[in-house]
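Asker: Before anything else, here's the structure in question.
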Amino acid sequence: MPIAHEFEYVKPTTLDEAVRVLAECGDGARVLAGGTDLVGWLRDDLVAPDLLVDIKGIEGLGELGLEGNALTVGACVTFTDLIESETVRIDFPLVYEMARTVASVGIRNRATMVGNICSAVPCCDSGPVLLVYEAVILVKGPSGGRAIPATEWFVGNKTTALEVGEIVTRIAIPLPEDGHAGAYVKLGRYRGEDLAQASVAILALPRDRYRVAFGAVAATPVRAPKIEALLSWKSLGDSLIEKAKRLIRQETSPISDVRASKEYREHMLPVMFERGLRAAAARLAGSGPEYGTRFV
Amino acid sequence: MHDRDDREMGAVGSRLVRVDADAKVTGRALYVDDLTFPGMLEAALVLPGCAHARLLKVDASDALAMAGVHAVVTADDVPGENQVGVVDRDQPLLPSERIRYSGDAVAVVVAETRAIAREAAAAVRAETEEIPAVFDAVRAMEPGAPKVHDDGNVFLEYRVRKGNIDEGFEAADIIVERTFRTHHQEHSYLEPLGAIAVPEEHGGVTIYGTMQCPYYVQKAVATVLGLPLAHVRVIQTVTGGGFGGKEDSPSEICACAAVAAWKLRRPVKLIYTREDDFYRSSKRHPMTVTYKLGATRDGTFTAAQIRVVADAGAYSTLTPVVVFRAAAHATGPYEIPNVHTDAYGVYTNRQTTGAFRGFGQPQTIFANESIVDEVAEALGLDPIDVRLKNGLAVGKRTATNQLLTESVGLPETLRQAREASGWDAKRAERGADSDPIKRGIGVGSIYYGVSLGAKGLALDGSGAHMNVYRDGSVRIAIGGTEMGQGLLTVLTQIASDALGAPTESIHVDHVDTSVVPDSGPSVASRTTLMTGNAIIDAAEKLRATMGEVASELLGVPTGEITFRDGRVGAGDRSIAFAELAAECWARNVNTAADGWYAAPLSTFDEDGQGDAYAIYSYATHVAEVEVDTRTGHVRLVRVTAAHDVGKILNPTTLEGQVEGGVLQCAGMALYERMITDGGDILTPDFSTYILPTAMDVPEIETLFIEEPYSRGPFGAKGIGETPAMPGAVAIANAIYHATGLRFLELPITAEAVRLALADGRGR
């Protein structure tokens, strides 16, 4: 099905130019990077922008690497870039593990992490992981730049804190200071590419501290502060894990849709949480399954 | 039938690389949407989306006012009969009074571009008045259910009566009875349906399209346009998958394009989106199958009573043939002395259902092969032993009381699958109770009547036209279709050996109905058998005429002349095939010939007794699974697939057929679920309706048993359907072995497994 709606297409070469044309066009403009969400929406007539601003010609947006003690993920960095980066694999293994679960190889070759969080569907894989790393999203607009914490980024289903005329330039993912481990557990219906029916990201820090986030079980990806508070500063044991599992219902609000029922999601969340938590703890201790292992 | 003693096997049996591989891999292959014609317009359909409604008015005024719109074609514009029913005349091409399902189209909008056509189609307003609908075939059989057609919803009934059912159950030590349900399955071919209709200056029309059955399309287009068949030429374009889905449905889309082109006197292209395809193409029939099986203590089956209710959807399309096949085969591949089968075709206000690989059998197989396992377990017997004990073999009789006289490879498929899968050891294994991952192994066996059988549409013959040019190159026109299964390759091999000409010198074309006579449909695993035999027939005629010339040239009696490896002659006196062709040309000898093959007649009386099909193919699949009891996820680890194919023509294409079928079985068993809400399909795409992907492929071991069929080309039988048949129930039986969960409904999703375990079911 061709795209029925006509639109203008520009491919600026500088960020300033991109910001200028975005500001001129207002809410009729959409930013195009990998296009794996946007082009599908265009073809299905779910969006009808007047202008597409292709940012793939802007130098610097493909940047991926450690800057100080944070990982810079430029707006044009694809999931394949993340998977293939040694820095990501070694220093940010949870990002690596998550990236490998996104769609299929062909999609990962185009789809970007920034695009993933700009689309902001509740099941976006990047969401829970950026929440637990406490990443910061850097945007640029006509009145300059600003930094939005990941915790404030997701506003609702397909809505973000991004203002009209603004563009995300990169994500900064801080490197936890004295080591960390993690696990990303994704529920799909099969091994083929699937949207998460539920997802859990666990970040384990030294001295029994944990960060936990869920995806696809609320209007946005969500952090789980009650679970984190319960787990923190305690040694992880069966009864503590059981207590934490009971809190999941307070942190999430899954619904039924064509992919999975609320009942099944509610059943799966504790199973996934436990698998992820045990794996993250084991990995922090230097054992546990290799990153990239499927938990479901 | 074909005397092969004079020749060695050459191309047949080899792994000849697919003759269409290069074109498809490089993108040179032209599918229907790649074609364009001068002055061509594009079309889109208007689907009101009602499940059941009276159609009061089609208001096209807004659409017609849009720039670039040429016409809005409705029932009033159909010059011939507004009818596309394949078997029964119950399906209007464009309904004018009543909408019976959400896929019914009331108008075809034609415009300069596809985008305009689609926009305009959305602007056409259908005024409708909803009437009560029925979405379940069992409910549709009840008195007082809304009637989809005025004559009532049960439009078809087949019965099989063999022996005495009461005595049979009397003699049984154990009787097991269960009701099973299966649901819609979408063919999910890569290429959605599409057609181009081109009006011709002589007053006829030429149709290009993706299809399995060009002669069905020819008939449908002639009917709606009111033209003689000779004025409708159908050319099959490169076809991206069929699986049965391109048997009946192409008639509808091609007829829509034809009516539009006829009105405007311009070429019209109509291509479905995937969503259109979900709404309008025929699916696998949902069936409710009640199966009651009796057996003595030693595992001998004494009686089977079966009731099959098939949901035909809004129109019967191929249901009469599908339900016949389901009824004839419903016992499974066993000799059972007393059989009582009733099978019904029932209208509902759902998507139409028709042909899908297996053609009505996978649904009854799910029932019969589950029950056989239950009987075996209740008697403390091994499931494969029970199958071997009762299984069909030469000298045994089917449910229709047909005596099997040759080519019955079932016992061998069971024995080889048992051996290769390590069945006995794995069956005995019992994992630790504490391990949340449970392992299981299960089996399913089937038989399948090759070709159309007694209640198929009348014609069961196929033709071929073979033309040898003066340089020895050969071009062959056929009536069977390549749809991705590898037909052109296998036919090239058959032609090569039949003519003694090298495979490189042979080209086989897609179907053009103006060249080859009506050859029936490319369905029912019949095409290699039927078209292959037609090619052999043509080659025999050419060998006779060309052989005479060779005899004269070489001074060798015609009886001693052989055609082999590109040379013709006897002993050391021979000439190249190409030289002989040149010599024939120089002597005004015709080097073109027509071939024809007709299937032997089949019978099926009103009690379902007779020789229902000329020959049967047999298969056994053994599936091994791992079930994660905490999540419900079933991982299909390994499948051993043993098939009796008569004769291997090309091991590579054969393996491809089987491996693809194994995956379709996995889809039916575990994943594929079309969710509807009234007339709305909530899963009209591959993000919501999921198919097994490369990531889900198990280890597959294919085993081929060659029990030759005396009438088959080189002894071959059909392979098209059988790979998609035994696997789903083998998986269900493996899940039972792993967990103790006996599922009565497919698909067995992770969610279904987990929720069943949470209910305390299983071990």
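Ordering of the structure tokens sets the chain letters (A, B, ...); residue numbers start at 1 within each chain; ligands are numbered from 1 in the order shown.
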Need the shell around Gly74 of chain A: protein/DNA/RNA residues with any atom at most 10 Å away, counting only C-alpha atoms. Skip same-chain ones fewer than 4 positions apart. Format as a PyMOL selection string?
Answerer: chain A and resi 60-65+78+112-114+138+168-172
Asker: Write out as a ChimeraX atom specification the residues lying within 10 Å of Thr159 of chain A, counting only C-alpha atoms and excluding same-chain residues fewer than 3 positions away.
Answerer: /A:117-122,153-156,162,219-220
Asker: If we count only C-alpha atoms, what is near Val634 of chain B at a cut-off of 12 Å, once residues fewer than 6 positions away on the same chain are taken out, given as a PyMOL selection string?
Answerer: (chain A and resi 189-191+296) or (chain B and resi 437-440+623-628+666-667+669-671+696+698+731-732+734-736+738-739+747-754)
Asker: Just C-alpha atoms for this one: save the residues we selected as a PDB file, in the first residue's frame.
Answerer:
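Output file selection.pdb follows:
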```pdb
ATOM      1  CA  ARG A 189       4.236 -15.192  21.997  1.00  0.00           C
ATOM      2  CA  TYR A 190       7.025 -16.999  20.175  1.00  0.00           C
ATOM      3  CA  ARG A 191      10.684 -16.669  19.280  1.00  0.00           C
ATOM      4  CA  VAL A 296      11.003 -16.653  28.379  1.00  0.00           C
TER       5      VAL A 296
ATOM      6  CA  ILE B 437      10.729 -27.552  31.839  1.00  0.00           C
ATOM      7  CA  LYS B 438       8.839 -30.679  30.795  1.00  0.00           C
ATOM      8  CA  ARG B 439       9.863 -32.652  27.742  1.00  0.00           C
ATOM      9  CA  GLY B 440       7.494 -34.650  25.584  1.00  0.00           C
ATOM     10  CA  ALA B 623       7.289 -33.936  17.360  1.00  0.00           C
ATOM     11  CA  GLU B 624       9.442 -33.253  20.388  1.00  0.00           C
ATOM     12  CA  VAL B 625       8.622 -30.315  22.646  1.00  0.00           C
ATOM     13  CA  GLU B 626       9.818 -28.584  25.766  1.00  0.00           C
ATOM     14  CA  VAL B 627       7.089 -26.960  27.807  1.00  0.00           C
ATOM     15  CA  ASP B 628       8.015 -24.271  30.304  1.00  0.00           C
ATOM     16  CA  ALA B 666       3.522 -25.508  14.131  1.00  0.00           C
ATOM     17  CA  GLY B 667       1.561 -22.368  13.286  1.00  0.00           C
ATOM     18  CA  ALA B 669      -0.823 -25.992  16.658  1.00  0.00           C
ATOM     19  CA  LEU B 670       0.794 -23.185  18.616  1.00  0.00           C
ATOM     20  CA  TYR B 671       0.421 -19.680  17.230  1.00  0.00           C
ATOM     21  CA  ASP B 696      10.958 -20.825  15.584  1.00  0.00           C
ATOM     22  CA  PRO B 698      12.869 -26.776  15.011  1.00  0.00           C
ATOM     23  CA  ILE B 731       2.703 -31.405  18.746  1.00  0.00           C
ATOM     24  CA  ALA B 732      -0.541 -31.619  20.750  1.00  0.00           C
ATOM     25  CA  ALA B 734       3.792 -34.248  22.632  1.00  0.00           C
ATOM     26  CA  ILE B 735       2.413 -31.519  24.892  1.00  0.00           C
ATOM     27  CA  TYR B 736       0.184 -34.121  26.495  1.00  0.00           C
ATOM     28  CA  ALA B 738       5.092 -33.563  28.590  1.00  0.00           C
ATOM     29  CA  THR B 739       2.395 -32.095  30.812  1.00  0.00           C
ATOM     30  CA  PRO B 747      -4.016 -23.242  18.815  1.00  0.00           C
ATOM     31  CA  ILE B 748      -2.317 -24.231  22.042  1.00  0.00           C
ATOM     32  CA  THR B 749      -0.843 -20.838  22.863  1.00  0.00           C
ATOM     33  CA  ALA B 750       1.555 -20.232  25.731  1.00  0.00           C
ATOM     34  CA  GLU B 751      -1.278 -18.461  27.439  1.00  0.00           C
ATOM     35  CA  ALA B 752      -3.616 -21.438  27.005  1.00  0.00           C
ATOM     36  CA  VAL B 753      -1.016 -23.814  28.452  1.00  0.00           C
ATOM     37  CA  ARG B 754      -0.215 -21.600  31.404  1.00  0.00           C
TER      38      ARG B 754
END
```
Asker: At a cut-off of 10 Å, using only C-alpha atoms, what residues contact Leu205 of chain A? Leave out same-chain residues fewer than 4 positions from it and give the result as a ChimeraX atom specification.
Answerer: /A:176-182,209-211,232,280-281,284
Asker: Within 7 Å of chain B, which residues of chain A are there when counting only C-alpha atoms? Please give them as a PyMOL selection string.
Answerer: chain A and resi 1-2+4+189+191-192+194+258-259+264+268+271
Asker: Could you check which of A:His267, A:Thr252, A:Ile83, A:Glu59 is closest to Val105 of chain A, using only C-alpha atoms?
Answerer: A:Ile83
